[in-house]
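> Next up, structure_37.txt (compact mmCIF, C-alpha atoms).
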# COMPACT_ATOMS: atom_id res chain seq x y z
CA MET A 1475 -30.49 64.72 40.02
CA LYS A 1476 -27.41 62.71 39.20
CA VAL A 1477 -27.67 61.79 35.53
CA VAL A 1478 -25.48 59.58 33.36
CA VAL A 1479 -25.65 59.99 29.58
CA LEU A 1480 -24.24 57.47 27.11
CA GLY A 1481 -24.28 59.33 23.80
CA LEU A 1482 -22.64 59.25 20.39
CA SER A 1483 -20.30 62.12 21.16
CA LEU A 1484 -19.92 65.12 23.39
CA SER A 1485 -16.24 65.70 22.66
CA SER A 1486 -16.36 66.03 18.86
CA SER A 1487 -18.71 67.84 16.48
CA TRP A 1488 -16.95 66.33 13.46
CA GLY A 1489 -19.52 65.01 10.99
CA ASN A 1490 -22.40 64.85 13.47
CA GLY A 1491 -25.05 67.10 15.01
CA HIS A 1492 -25.22 65.16 18.26
CA ALA A 1493 -22.34 66.90 20.02
CA THR A 1494 -23.71 70.43 19.81
CA THR A 1495 -27.16 69.14 20.81
CA TYR A 1496 -25.78 67.43 23.92
CA ARG A 1497 -23.59 70.41 24.80
CA ALA A 1498 -26.43 72.93 24.76
CA LEU A 1499 -28.93 70.69 26.55
CA LEU A 1500 -26.65 69.28 29.24
CA LYS A 1501 -24.97 72.59 30.02
CA ALA A 1502 -28.40 74.12 30.63
CA PHE A 1503 -29.48 71.06 32.61
CA VAL A 1504 -26.44 71.35 34.89
CA ALA A 1505 -27.19 75.05 35.36
CA ARG A 1506 -30.50 73.97 36.91
CA GLY A 1507 -28.56 72.31 39.73
CA HIS A 1508 -28.08 68.78 38.44
CA GLU A 1509 -24.93 66.67 37.95
CA VAL A 1510 -24.10 65.01 34.63
CA THR A 1511 -21.54 62.39 33.64
CA PHE A 1512 -21.20 61.68 29.92
CA LEU A 1513 -19.83 58.31 28.79
CA GLU A 1514 -18.50 58.35 25.22
CA ARG A 1515 -17.11 55.54 23.10
CA ASP A 1516 -13.51 56.43 22.25
CA VAL A 1517 -13.26 56.10 18.46
CA PRO A 1518 -10.51 57.34 16.11
CA TRP A 1519 -12.72 59.60 13.98
CA TYR A 1520 -13.76 61.69 16.99
CA SER A 1521 -10.30 61.95 18.51
CA GLY A 1522 -7.16 64.04 17.88
CA PRO A 1523 -7.79 67.23 15.90
CA HIS A 1524 -11.50 66.37 15.60
CA ARG A 1525 -12.01 66.53 19.37
CA ASP A 1526 -13.09 70.14 19.97
CA LEU A 1527 -14.34 69.72 23.57
CA ALA A 1528 -12.03 67.35 25.41
CA ASP A 1529 -12.68 68.61 28.94
CA PRO A 1530 -16.02 70.40 29.47
CA ALA A 1531 -16.09 72.55 32.61
CA TRP A 1532 -19.76 71.85 33.36
CA CYS A 1533 -19.88 68.06 33.36
CA ARG A 1534 -17.65 65.02 33.70
CA LEU A 1535 -16.67 63.39 30.40
CA LEU A 1536 -15.36 59.81 30.50
CA PHE A 1537 -14.33 57.54 27.64
CA TYR A 1538 -14.63 53.79 27.16
CA ARG A 1539 -13.23 51.63 24.34
CA GLU A 1540 -15.55 48.62 24.26
CA VAL A 1541 -18.92 47.70 25.74
CA ALA A 1542 -17.12 45.44 28.20
CA ASP A 1543 -15.26 48.50 29.54
CA LEU A 1544 -18.56 49.84 30.91
CA GLU A 1545 -18.22 47.33 33.74
CA ARG A 1546 -15.92 49.77 35.52
CA HIS A 1547 -18.76 52.34 35.40
CA ARG A 1548 -21.39 49.90 36.64
CA GLU A 1549 -21.82 51.54 40.05
CA LEU A 1550 -21.99 54.98 38.45
CA ILE A 1551 -24.86 53.78 36.26
CA ALA A 1552 -26.55 51.92 39.13
CA ASP A 1553 -26.43 54.91 41.48
CA ALA A 1554 -27.70 57.51 39.00
CA ASP A 1555 -31.15 59.00 39.40
CA ALA A 1556 -31.51 58.74 35.63
CA VAL A 1557 -29.51 57.11 32.83
CA ILE A 1558 -29.98 58.26 29.25
CA VAL A 1559 -28.81 56.24 26.23
CA GLY A 1560 -28.63 58.12 22.93
CA SER A 1561 -29.27 57.09 19.35
CA TYR A 1562 -26.39 55.98 17.12
CA VAL A 1563 -24.32 54.88 20.13
CA PRO A 1564 -21.97 52.14 18.87
CA ASN A 1565 -23.28 48.73 19.97
CA GLY A 1566 -26.28 50.62 21.33
CA VAL A 1567 -28.40 47.50 21.81
CA ALA A 1568 -25.76 45.89 24.03
CA VAL A 1569 -25.26 49.18 25.88
CA GLY A 1570 -29.01 49.53 26.39
CA ARG A 1571 -29.33 46.03 27.78
CA LEU A 1572 -26.58 46.70 30.31
CA VAL A 1573 -28.15 49.99 31.35
CA GLN A 1574 -31.59 48.45 31.78
CA ASP A 1575 -30.05 45.62 33.79
CA TRP A 1576 -27.85 47.77 36.04
CA ALA A 1577 -29.80 51.02 36.52
CA ARG A 1578 -31.85 51.46 39.66
CA GLY A 1579 -33.13 54.89 38.62
CA VAL A 1580 -35.08 56.05 35.58
CA THR A 1581 -33.83 54.94 32.16
CA ALA A 1582 -34.44 56.93 28.98
CA PHE A 1583 -33.66 56.59 25.31
CA TYR A 1584 -32.81 59.92 23.66
CA ASP A 1585 -33.48 59.60 19.95
CA ILE A 1586 -31.82 62.42 18.04
CA ASP A 1587 -32.68 60.55 14.82
CA THR A 1588 -36.25 59.35 15.45
CA PRO A 1589 -37.55 59.01 11.85
CA VAL A 1590 -34.31 57.32 10.79
CA THR A 1591 -34.58 55.00 13.79
CA LEU A 1592 -38.16 54.01 13.01
CA ALA A 1593 -37.36 53.46 9.34
CA LYS A 1594 -34.45 51.21 10.36
CA LEU A 1595 -36.66 49.22 12.76
CA ALA A 1596 -39.26 48.77 10.02
CA ARG A 1597 -36.52 47.17 7.88
CA GLY A 1598 -35.40 44.96 10.74
CA ASP A 1599 -32.25 47.04 11.24
CA THR A 1600 -31.33 47.09 14.94
CA GLU A 1601 -28.06 49.02 14.69
CA TYR A 1602 -28.48 50.86 17.99
CA ILE A 1603 -31.90 49.92 19.40
CA ALA A 1604 -34.11 46.84 19.18
CA PRO A 1605 -37.91 46.71 19.50
CA ASP A 1606 -37.77 44.65 22.70
CA LEU A 1607 -35.63 47.34 24.38
CA ILE A 1608 -38.14 50.14 23.92
CA PRO A 1609 -40.65 49.02 26.59
CA GLY A 1610 -37.72 48.74 29.03
CA TYR A 1611 -36.90 52.45 28.79
CA ASP A 1612 -39.07 54.45 31.18
CA VAL A 1613 -39.30 57.31 28.72
CA TYR A 1614 -38.54 57.67 25.01
CA LEU A 1615 -37.25 61.20 24.33
CA SER A 1616 -37.83 61.98 20.68
CA PHE A 1617 -36.43 64.63 18.34
CA THR A 1618 -39.71 64.22 16.47
CA GLY A 1619 -43.09 65.23 17.80
CA GLY A 1620 -46.58 64.96 16.35
CA PRO A 1621 -48.13 61.58 15.45
CA THR A 1622 -44.77 59.80 15.79
CA LEU A 1623 -45.07 59.88 19.58
CA ASP A 1624 -48.32 57.89 19.46
CA LEU A 1625 -46.70 55.38 17.11
CA ILE A 1626 -43.78 54.81 19.48
CA GLU A 1627 -46.17 54.09 22.34
CA ARG A 1628 -48.73 52.08 20.38
CA ARG A 1629 -46.53 49.99 18.08
CA TYR A 1630 -43.38 49.64 20.16
CA GLY A 1631 -44.81 49.66 23.66
CA SER A 1632 -43.01 52.68 25.10
CA PRO A 1633 -44.58 53.61 28.46
CA ALA A 1634 -44.05 57.30 27.64
CA ALA A 1635 -42.88 58.93 24.40
CA ARG A 1636 -42.17 62.64 24.77
CA ALA A 1637 -40.96 65.27 22.30
CA LEU A 1638 -37.58 66.71 23.21
CA TYR A 1639 -36.65 68.76 20.18
CA CYS A 1640 -33.15 69.99 19.59
CA SER A 1641 -32.33 73.46 20.86
CA VAL A 1642 -29.68 76.13 20.90
CA ASP A 1643 -27.61 77.96 23.48
CA PRO A 1644 -28.26 81.60 22.46
CA ALA A 1645 -25.12 82.73 24.28
CA SER A 1646 -23.06 80.53 21.94
CA TYR A 1647 -25.04 81.59 18.86
CA PRO A 1648 -25.43 85.38 19.05
CA PRO A 1649 -26.16 87.75 16.17
CA LEU A 1650 -22.95 89.32 14.84
CA GLU A 1651 -22.35 92.26 12.55
CA ARG A 1652 -20.16 90.96 9.72
CA GLU A 1653 -19.62 91.69 6.06
CA ARG A 1654 -21.85 89.48 3.90
CA ARG A 1655 -19.60 87.03 2.04
CA TRP A 1656 -22.39 84.81 0.70
CA ASP A 1657 -25.93 85.30 -0.49
CA LEU A 1658 -26.90 81.74 0.48
CA SER A 1659 -25.04 79.29 2.70
CA TYR A 1660 -25.54 75.68 3.70
CA LEU A 1661 -23.95 73.91 6.67
CA GLY A 1662 -24.33 70.13 6.81
CA THR A 1663 -22.65 66.78 6.33
CA TYR A 1664 -23.26 65.06 2.98
CA SER A 1665 -26.25 62.75 2.91
CA PRO A 1666 -27.50 60.99 -0.25
CA ASP A 1667 -31.14 61.71 0.56
CA ARG A 1668 -30.48 65.43 1.15
CA GLN A 1669 -28.32 65.91 -1.93
CA PRO A 1670 -31.17 66.19 -4.50
CA VAL A 1671 -32.75 68.92 -2.36
CA LEU A 1672 -29.42 70.71 -2.02
CA GLU A 1673 -29.07 70.47 -5.80
CA ARG A 1674 -32.53 71.98 -6.30
CA LEU A 1675 -32.40 74.69 -3.63
CA LEU A 1676 -28.76 75.82 -3.80
CA ILE A 1677 -26.69 74.40 -6.65
CA GLU A 1678 -29.21 75.12 -9.43
CA PRO A 1679 -29.93 78.65 -8.10
CA ALA A 1680 -26.17 79.23 -8.06
CA ARG A 1681 -26.01 78.27 -11.73
CA ARG A 1682 -28.84 80.67 -12.54
CA LEU A 1683 -27.41 83.52 -10.45
CA PRO A 1684 -23.70 83.58 -11.34
CA HIS A 1685 -23.36 87.12 -9.97
CA LEU A 1686 -24.27 85.92 -6.45
CA ARG A 1687 -22.11 83.95 -3.99
CA PHE A 1688 -22.88 80.64 -2.31
CA VAL A 1689 -21.13 78.29 0.10
CA VAL A 1690 -21.54 74.67 1.22
CA ALA A 1691 -19.72 73.62 4.39
CA GLY A 1692 -19.49 70.04 5.63
CA PRO A 1693 -17.55 66.79 5.20
CA GLN A 1694 -18.03 63.60 3.14
CA TYR A 1695 -19.22 65.16 -0.13
CA PRO A 1696 -18.21 62.93 -3.09
CA ASP A 1697 -15.45 64.17 -5.34
CA ASP A 1698 -17.62 63.81 -8.44
CA ILE A 1699 -20.05 66.59 -7.48
CA VAL A 1700 -19.72 69.44 -9.97
CA TRP A 1701 -19.89 72.69 -8.02
CA PRO A 1702 -20.59 75.93 -9.90
CA ASP A 1703 -17.73 78.43 -9.81
CA ASN A 1704 -19.64 80.72 -7.46
CA VAL A 1705 -20.08 77.99 -4.80
CA GLU A 1706 -17.34 77.99 -2.20
CA ARG A 1707 -16.60 74.75 -0.30
CA PHE A 1708 -15.39 74.11 3.26
CA GLN A 1709 -14.78 70.63 4.66
CA HIS A 1710 -15.71 71.62 8.20
CA VAL A 1711 -16.77 74.61 10.24
CA GLY A 1712 -16.41 74.05 13.98
CA PRO A 1713 -19.19 75.10 16.35
CA VAL A 1714 -17.18 78.03 17.69
CA ASP A 1715 -17.13 79.45 14.14
CA HIS A 1716 -20.82 78.88 13.34
CA PRO A 1717 -21.96 82.39 14.38
CA GLU A 1718 -19.33 83.95 12.10
CA PHE A 1719 -20.43 81.66 9.26
CA TYR A 1720 -24.09 82.58 9.66
CA ALA A 1721 -23.33 86.28 10.14
CA ALA A 1722 -21.55 86.28 6.78
CA SER A 1723 -24.65 84.83 5.07
CA ARG A 1724 -27.48 86.93 3.68
CA TYR A 1725 -29.64 83.78 3.88
CA THR A 1726 -28.88 80.23 4.99
CA LEU A 1727 -30.51 77.02 3.79
CA ASN A 1728 -32.08 74.27 5.90
CA VAL A 1729 -32.35 70.83 4.25
CA THR A 1730 -34.04 67.97 6.08
CA ARG A 1731 -33.39 64.22 5.87
CA ALA A 1732 -36.03 62.36 3.82
CA ASP A 1733 -37.21 60.23 6.76
CA MET A 1734 -37.65 63.37 8.85
CA VAL A 1735 -39.62 65.09 6.10
CA ALA A 1736 -41.91 62.05 5.94
CA ALA A 1737 -42.46 62.07 9.71
CA GLY A 1738 -42.77 65.84 10.05
CA TRP A 1739 -42.29 67.76 13.30
CA SER A 1740 -38.50 67.23 13.06
CA PRO A 1741 -36.62 70.55 13.30
CA SER A 1742 -32.85 70.35 12.96
CA VAL A 1743 -30.31 71.85 15.33
CA ARG A 1744 -28.86 73.88 12.45
CA LEU A 1745 -32.26 75.51 11.95
CA PHE A 1746 -32.31 76.73 15.55
CA GLU A 1747 -28.65 77.78 15.53
CA ALA A 1748 -29.03 79.90 12.40
CA ALA A 1749 -32.23 81.50 13.71
CA SER A 1750 -30.55 82.27 17.04
CA CYS A 1751 -27.91 84.15 15.06
CA ALA A 1752 -30.76 86.14 13.42
CA THR A 1753 -29.76 84.79 10.01
CA PRO A 1754 -32.89 84.32 7.88
CA VAL A 1755 -33.52 80.70 6.92
CA ILE A 1756 -34.83 79.29 3.66
CA SER A 1757 -36.12 75.78 4.38
CA ASP A 1758 -37.55 72.80 2.59
CA VAL A 1759 -41.13 71.98 3.57
CA TRP A 1760 -42.42 69.40 6.06
CA SER A 1761 -45.47 68.95 8.26
CA GLY A 1762 -45.23 70.77 11.57
CA ILE A 1763 -42.68 73.38 10.54
CA GLU A 1764 -45.34 76.04 11.14
CA ASP A 1765 -45.39 74.97 14.81
CA ILE A 1766 -41.68 75.81 15.06
CA LEU A 1767 -41.35 79.04 13.02
CA ALA A 1768 -44.05 81.02 11.24
CA PRO A 1769 -43.70 80.76 7.43
CA GLY A 1770 -43.34 84.11 5.71
CA ARG A 1771 -42.64 85.94 8.96
CA GLU A 1772 -39.98 83.93 10.80
CA ILE A 1773 -38.82 81.57 8.03
CA LEU A 1774 -39.12 81.28 4.25
CA LEU A 1775 -40.17 77.99 2.64
CA ALA A 1776 -39.14 76.74 -0.79
CA THR A 1777 -39.71 73.60 -2.83
CA SER A 1778 -38.21 74.71 -6.15
CA SER A 1779 -35.19 76.43 -7.64
CA ASP A 1780 -37.51 79.15 -8.96
CA GLN A 1781 -38.65 80.03 -5.45
CA VAL A 1782 -35.08 80.32 -4.14
CA VAL A 1783 -34.07 82.42 -7.14
CA ALA A 1784 -37.04 84.72 -6.46
CA ILE A 1785 -36.11 85.11 -2.79
CA LEU A 1786 -32.48 85.89 -3.57
CA SER A 1787 -33.51 88.33 -6.31
CA ASP A 1788 -36.00 90.23 -4.13
CA ALA A 1789 -35.16 93.93 -4.21
CA ASP A 1790 -36.43 94.50 -0.64
CA GLY A 1791 -33.13 94.83 1.21
CA THR A 1792 -34.81 94.98 4.63
CA ARG A 1793 -36.59 91.64 4.34
CA PRO A 1794 -33.71 89.38 5.49
CA ALA A 1795 -33.16 91.38 8.68
CA ARG A 1796 -36.88 91.40 9.53
CA ILE A 1797 -37.18 87.65 9.14
CA GLY A 1798 -33.95 86.96 11.00
CA GLN A 1799 -34.91 89.14 13.96
CA ALA A 1800 -38.41 87.62 14.16
CA ALA A 1801 -36.94 84.12 14.09
CA ARG A 1802 -34.48 84.93 16.87
CA ALA A 1803 -37.29 86.29 19.05
CA ARG A 1804 -39.24 83.03 18.57
CA ILE A 1805 -36.16 80.94 19.37
CA LEU A 1806 -35.48 82.85 22.59
CA GLY A 1807 -39.04 82.28 23.72
CA ALA A 1808 -39.47 78.59 22.89
CA HIS A 1809 -36.40 76.78 21.60
CA THR A 1810 -33.42 77.55 23.81
CA ALA A 1811 -31.40 74.98 25.70
CA ASP A 1812 -32.95 76.33 28.92
CA CYS A 1813 -36.42 75.48 27.57
CA ARG A 1814 -35.33 71.95 26.68
CA ALA A 1815 -33.54 71.42 30.01
CA THR A 1816 -36.75 72.35 31.81
CA GLU A 1817 -38.67 69.86 29.65
CA LEU A 1818 -36.08 67.12 30.25
CA GLU A 1819 -36.28 67.67 33.98
CA SER A 1820 -40.07 67.42 33.93
CA TYR A 1821 -40.03 64.23 31.83
CA LEU A 1822 -37.53 62.53 34.15
CA ARG A 1823 -39.47 63.56 37.26
CA GLU A 1824 -42.69 62.34 35.64
CA ALA A 1825 -41.03 58.96 34.97
CA MET A 1826 -39.76 58.82 38.56
CA GLN A 1827 -43.25 59.47 39.88
CA ARG A 1828 -44.77 56.92 37.53
CA GLY A 1829 -42.13 54.37 38.50
CA ARG A 1830 -43.18 54.49 42.14
CA HIS A 1831 -46.53 52.98 41.16
CA ALA A 1832 -45.37 50.63 38.39
CA PRO A 1833 -43.92 47.11 38.38
CA SER A 1834 -40.14 46.79 38.25
CA ARG A 1835 -38.38 46.96 34.87
CA ARG A 1836 -37.67 43.24 34.91
CA GLU A 1837 -41.30 42.45 35.80
CA ALA A 1838 -42.61 44.69 33.02
CA MET A 1839 -40.31 43.16 30.42
CA ALA A 1840 -41.19 39.64 31.58
CA VAL A 1841 -44.85 40.36 31.03
Let's see the structure in the file written out as structure tokens.


Amino acid sequence: MKVVVLGLSLSSSWGNGHATTYRALLKAFVARGHEVTFLERDVPWYSGPHRDLADPAWCRLLFYREVADLERHRELIADADAVIVGSYVPNGVAVGRLVQDWARGVTAFYDIDTPVTLAKLARGDTEYIAPDLIPGYDVYLSFTGGPTLDLIERRYGSPAARALYCSVDPASYPPLERERRWDLSYLGTYSPDRQPVLERLLIEPARRLPHLRFVVAGPQYPDDIVWPDNVERFQHVGPVDHPEFYAASRYTLNVTRADMVAAGWSPSVRLFEAASCATPVISDVWSGIEDILAPGREILLATSSDQVVAILSDADGTRPARIGQAARARILGAHTADCRATELESYLREAMQRGRHAPSRREAMAV
């Protein structure tokens, strides 16, 4: 297949989880014999020193400055076997309309932020997708599974909503033998809805365990946050350094956005990356997490500071390694980029087959 992807970013992992998601998935997809062109909006905050993959060897990366600039890629979009538009693409509604108008192949919306998207639509917020666009995409690829898929089809008229969870490239996230610098780490951009959970599951345990070491890595944290003395801070850790970061952590913390907790079945890319590195994960709790990793055996769950303190104070020194190794085995079997590339291929082929027996996109939207 020749596939065109219009996503938030492939070139820069600064302040977003989209880039590493696209990199793992599309690299594995290309390895299956397909061709990919990625069209990215050229914006200042993803350029210069923040651009950590300017020229990928496995796909073509092209930049455009405004929606109108996509006109020069019109034939590329029209000739593709499939065109995928991602969530949080700037002017995503306008981009989606052009794609649905120009594309002759399958069109898909890849929602890396499904619960956030649905919450925005419920408020009438159409930042990057509008309700009337959803039926025009042949398939809605969702980071969230479970009941959300039925909702997307029933309420918004998607002809096919399919779970395409995030994944990890295990070759890029291997286990490493490193000295443990931190007892608990967290890697993530600041988010107001995650901050109370981070306070409860890391900052308060750090206050109670001053003899242990903690770290929070990620940008955009307000200056007025009071960090305990035993919490180290990094503004950014690039993807190439993630395995080293996880290897230096006795445990790492997974904190989920509030909308994703409410929807359930919404694993984060950081969860898979840490598990691929065989670093044991302590996670907040949400419906469907047991379908991803087995609680108590492949992941530890916590809702309170007391539970985190108990985990970090456990005298069983072999427990972290057992959990980390079990989690990595599960990731290798079900959550690698190769697994997701296979799923993506099947969803696109399914849409192609369905399209042969369906009315044209314009006819369907007119009805």

> What separation in Å, quoted to one decimal, exists between atom CA of Leu1683 of chain A and atom CA of Trp1656 of chain A?

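Between these atoms lies a distance of 12.3 Å.
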
> Give me the residues within 10 Å of Glu1601 of chain A as an MDAnalysis selection string, counting only C-alpha atoms and dropping any in the same chain fewer than 3 places off.

chainID A and resid 1561:1567 1591 1594:1595 1598 1604

> Would you list the residues near (-26.3, 80.3, 1.3), meaning any protein, DNA or RNA residue with an atom at most 12 Å from that point in file coordinates, counting all atoms listed in the file, as a ChimeraX atom specification?

/A:1654-1662,1672,1675-1677,1679-1680,1686-1691,1704-1707,1719-1729,1748,1753-1757,1782-1783,1785-1786

> Between atom CA of Val1759 of chain A and atom CA of Leu1745 of chain A, what is the distance in Å, rounded to a tenth?

12.7 Å

> Using atom CA of Pro1530 of chain A and atom CA of Glu1817 of chain A as the two end points, give the distance in Å to one decimal.

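If I compute the distance from atom CA of Pro1530 of chain A to atom CA of Glu1817 of chain A, I get 22.7 Å.
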
> Between A:Val1580, A:Ala1637, A:Leu1774, A:Val1642, which one has atoms that come closest to His1716 of chain A, using all atoms listed in the file?

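For His1716 of chain A, the nearest of the given residues is A:Val1642.
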
> Hey, which of A:Tyr1630, A:Phe1746, A:Tyr1584, A:Trp1576 ends up closest to Leu1615 of chain A? Count all atoms listed in the file.

A:Tyr1584

> Check the smallest atom-to-atom distance from each of A:Gly1712, A:Gly1620, A:Gly1507, A:Pro1702 to Arg1525 of chain A using all atoms listed in the file, then report the winner.

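Using all atoms listed in the file, the shortest distance to Arg1525 of chain A belongs to A:Gly1712.
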
> Using only C-alpha atoms, which protein or nucleic acid residues come within 7 Å of segment 1476-1492 of chain A? Drop anything in the same chain fewer than 6 positions from it, and give the result as a CSV table (one decimal) with C-alpha atoms, keeping the file's coordinate frame.


chain,number,residue,atom,x,y,z
A,1508,HIS,CA,-28.1,68.8,38.4
A,1509,GLU,CA,-24.9,66.7,38.0
A,1510,VAL,CA,-24.1,65.0,34.6
A,1511,THR,CA,-21.5,62.4,33.6
A,1512,PHE,CA,-21.2,61.7,29.9
A,1513,LEU,CA,-19.8,58.3,28.8
A,1514,GLU,CA,-18.5,58.4,25.2
A,1520,TYR,CA,-13.8,61.7,17.0
A,1524,HIS,CA,-11.5,66.4,15.6
A,1525,ARG,CA,-12.0,66.5,19.4
A,1526,ASP,CA,-13.1,70.1,20.0
A,1527,LEU,CA,-14.3,69.7,23.6
A,1528,ALA,CA,-12.0,67.4,25.4
A,1551,ILE,CA,-24.9,53.8,36.3
A,1554,ALA,CA,-27.7,57.5,39.0
A,1555,ASP,CA,-31.2,59.0,39.4
A,1556,ALA,CA,-31.5,58.7,35.6
A,1557,VAL,CA,-29.5,57.1,32.8
A,1558,ILE,CA,-30.0,58.3,29.2
A,1559,VAL,CA,-28.8,56.2,26.2
A,1560,GLY,CA,-28.6,58.1,22.9
A,1562,TYR,CA,-26.4,56.0,17.1
A,1563,VAL,CA,-24.3,54.9,20.1
A,1663,THR,CA,-22.6,66.8,6.3
A,1693,PRO,CA,-17.6,66.8,5.2

> Around (-27.0, 91.3, 20.6) in the file's frame, which residues reach within 12 Å when counting all atoms listed in the file? Return as a PyMOL selection string?

chain A and resi 1644-1651+1717+1750-1752+1799+1802-1803

> Which residue out of A:Thr1618, A:Ser1641, A:Thr1777, A:Thr1730 has the minimum interatomic distance to Pro1666 of chain A when all atoms listed in the file are used?

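The closest residue to Pro1666 of chain A is A:Thr1730.
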
> Restricting the calculation to all atoms listed in the file: of A:Ile1699, A:Met1826, A:Val1711, A:Ala1531, which residue gets closest to Arg1578 of chain A?

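The closest residue to Arg1578 of chain A is A:Met1826.
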
> Nearest residue to Glu1764 of chain A out of A:Trp1739, A:Tyr1664, A:Trp1519, A:Tyr1611, using all atoms listed in the file?

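Of A:Trp1739, A:Tyr1664, A:Trp1519, A:Tyr1611, the one nearest Glu1764 of chain A is A:Trp1739, counting all atoms listed in the file.
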
> Write a file for segment 1682-1746 of chain A of the given structure; include C-alpha atoms and format it as a PDB file, in the first residue's frame.


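See out.pdb below for the written result:
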ATOM      1  CA  ARG A1682       7.051  10.503  53.472  1.00  0.00           C
ATOM      2  CA  LEU A1683      10.170   8.676  52.263  1.00  0.00           C
ATOM      3  CA  PRO A1684      12.926  11.302  52.387  1.00  0.00           C
ATOM      4  CA  HIS A1685      15.610   8.603  52.289  1.00  0.00           C
ATOM      5  CA  LEU A1686      14.448   7.481  48.812  1.00  0.00           C
ATOM      6  CA  ARG A1687      15.013   9.228  45.463  1.00  0.00           C
ATOM      7  CA  PHE A1688      12.419  10.334  42.924  1.00  0.00           C
ATOM      8  CA  VAL A1689      12.410  12.090  39.557  1.00  0.00           C
ATOM      9  CA  VAL A1690       9.842  13.844  37.363  1.00  0.00           C
ATOM     10  CA  ALA A1691      10.811  14.484  33.742  1.00  0.00           C
ATOM     11  CA  GLY A1692       8.760  16.568  31.318  1.00  0.00           C
ATOM     12  CA  PRO A1693       8.062  20.147  30.226  1.00  0.00           C
ATOM     13  CA  GLN A1694       5.442  22.792  31.101  1.00  0.00           C
ATOM     14  CA  TYR A1695       5.280  22.253  34.870  1.00  0.00           C
ATOM     15  CA  PRO A1696       4.331  25.531  36.634  1.00  0.00           C
ATOM     16  CA  ASP A1697       7.021  27.292  38.598  1.00  0.00           C
ATOM     17  CA  ASP A1698       4.873  27.369  41.741  1.00  0.00           C
ATOM     18  CA  ILE A1699       4.941  23.596  42.283  1.00  0.00           C
ATOM     19  CA  VAL A1700       6.831  22.837  45.490  1.00  0.00           C
ATOM     20  CA  TRP A1701       8.990  19.784  44.855  1.00  0.00           C
ATOM     21  CA  PRO A1702      10.411  17.873  47.833  1.00  0.00           C
ATOM     22  CA  ASP A1703      14.204  17.955  48.065  1.00  0.00           C
ATOM     23  CA  ASN A1704      14.460  14.296  47.059  1.00  0.00           C
ATOM     24  CA  VAL A1705      12.579  14.841  43.755  1.00  0.00           C
ATOM     25  CA  GLU A1706      14.876  15.558  40.842  1.00  0.00           C
ATOM     26  CA  ARG A1707      13.489  17.482  37.834  1.00  0.00           C
ATOM     27  CA  PHE A1708      14.294  17.304  34.116  1.00  0.00           C
ATOM     28  CA  GLN A1709      12.608  19.502  31.507  1.00  0.00           C
ATOM     29  CA  HIS A1710      12.862  16.886  28.781  1.00  0.00           C
ATOM     30  CA  VAL A1711      14.188  13.412  28.144  1.00  0.00           C
ATOM     31  CA  GLY A1712      14.423  12.581  24.444  1.00  0.00           C
ATOM     32  CA  PRO A1713      13.214   9.203  23.156  1.00  0.00           C
ATOM     33  CA  VAL A1714      16.757   7.984  22.551  1.00  0.00           C
ATOM     34  CA  ASP A1715      17.411   8.416  26.291  1.00  0.00           C
ATOM     35  CA  HIS A1716      14.187   6.793  27.539  1.00  0.00           C
ATOM     36  CA  PRO A1717      15.701   3.303  28.019  1.00  0.00           C
ATOM     37  CA  GLU A1718      18.510   4.778  30.149  1.00  0.00           C
ATOM     38  CA  PHE A1719      15.935   6.728  32.172  1.00  0.00           C
ATOM     39  CA  TYR A1720      13.811   3.647  32.826  1.00  0.00           C
ATOM     40  CA  ALA A1721      16.836   1.443  33.520  1.00  0.00           C
ATOM     41  CA  ALA A1722      17.889   3.862  36.263  1.00  0.00           C
ATOM     42  CA  SER A1723      14.455   3.545  37.928  1.00  0.00           C
ATOM     43  CA  ARG A1724      13.572   0.884  40.471  1.00  0.00           C
ATOM     44  CA  TYR A1725       9.906   1.576  39.616  1.00  0.00           C
ATOM     45  CA  THR A1726       8.262   4.026  37.229  1.00  0.00           C
ATOM     46  CA  LEU A1727       4.839   5.629  37.530  1.00  0.00           C
ATOM     47  CA  ASN A1728       2.046   5.690  34.946  1.00  0.00           C
ATOM     48  CA  VAL A1729      -0.535   8.478  35.331  1.00  0.00           C
ATOM     49  CA  THR A1730      -3.518   8.644  32.980  1.00  0.00           C
ATOM     50  CA  ARG A1731      -5.487  11.670  31.759  1.00  0.00           C
ATOM     51  CA  ALA A1732      -8.867  12.053  33.505  1.00  0.00           C
ATOM     52  CA  ASP A1733     -10.889  11.621  30.295  1.00  0.00           C
ATOM     53  CA  MET A1734      -8.992   8.410  29.547  1.00  0.00           C
ATOM     54  CA  VAL A1735      -9.591   7.073  33.047  1.00  0.00           C
ATOM     55  CA  ALA A1736     -13.316   7.744  32.585  1.00  0.00           C
ATOM     56  CA  ALA A1737     -13.387   5.934  29.229  1.00  0.00           C
ATOM     57  CA  GLY A1738     -11.135   3.060  30.277  1.00  0.00           C
ATOM     58  CA  TRP A1739      -9.242   0.819  27.858  1.00  0.00           C
ATOM     59  CA  SER A1740      -6.749   3.653  27.171  1.00  0.00           C
ATOM     60  CA  PRO A1741      -3.148   2.497  27.739  1.00  0.00           C
ATOM     61  CA  SER A1742      -0.465   5.132  27.258  1.00  0.00           C
ATOM     62  CA  VAL A1743       2.626   4.804  25.111  1.00  0.00           C
ATOM     63  CA  ARG A1744       4.794   5.450  28.179  1.00  0.00           C
ATOM     64  CA  LEU A1745       3.254   2.408  29.848  1.00  0.00           C
ATOM     65  CA  PHE A1746       4.325   0.166  26.970  1.00  0.00           C
TER      66      PHE A1746
END
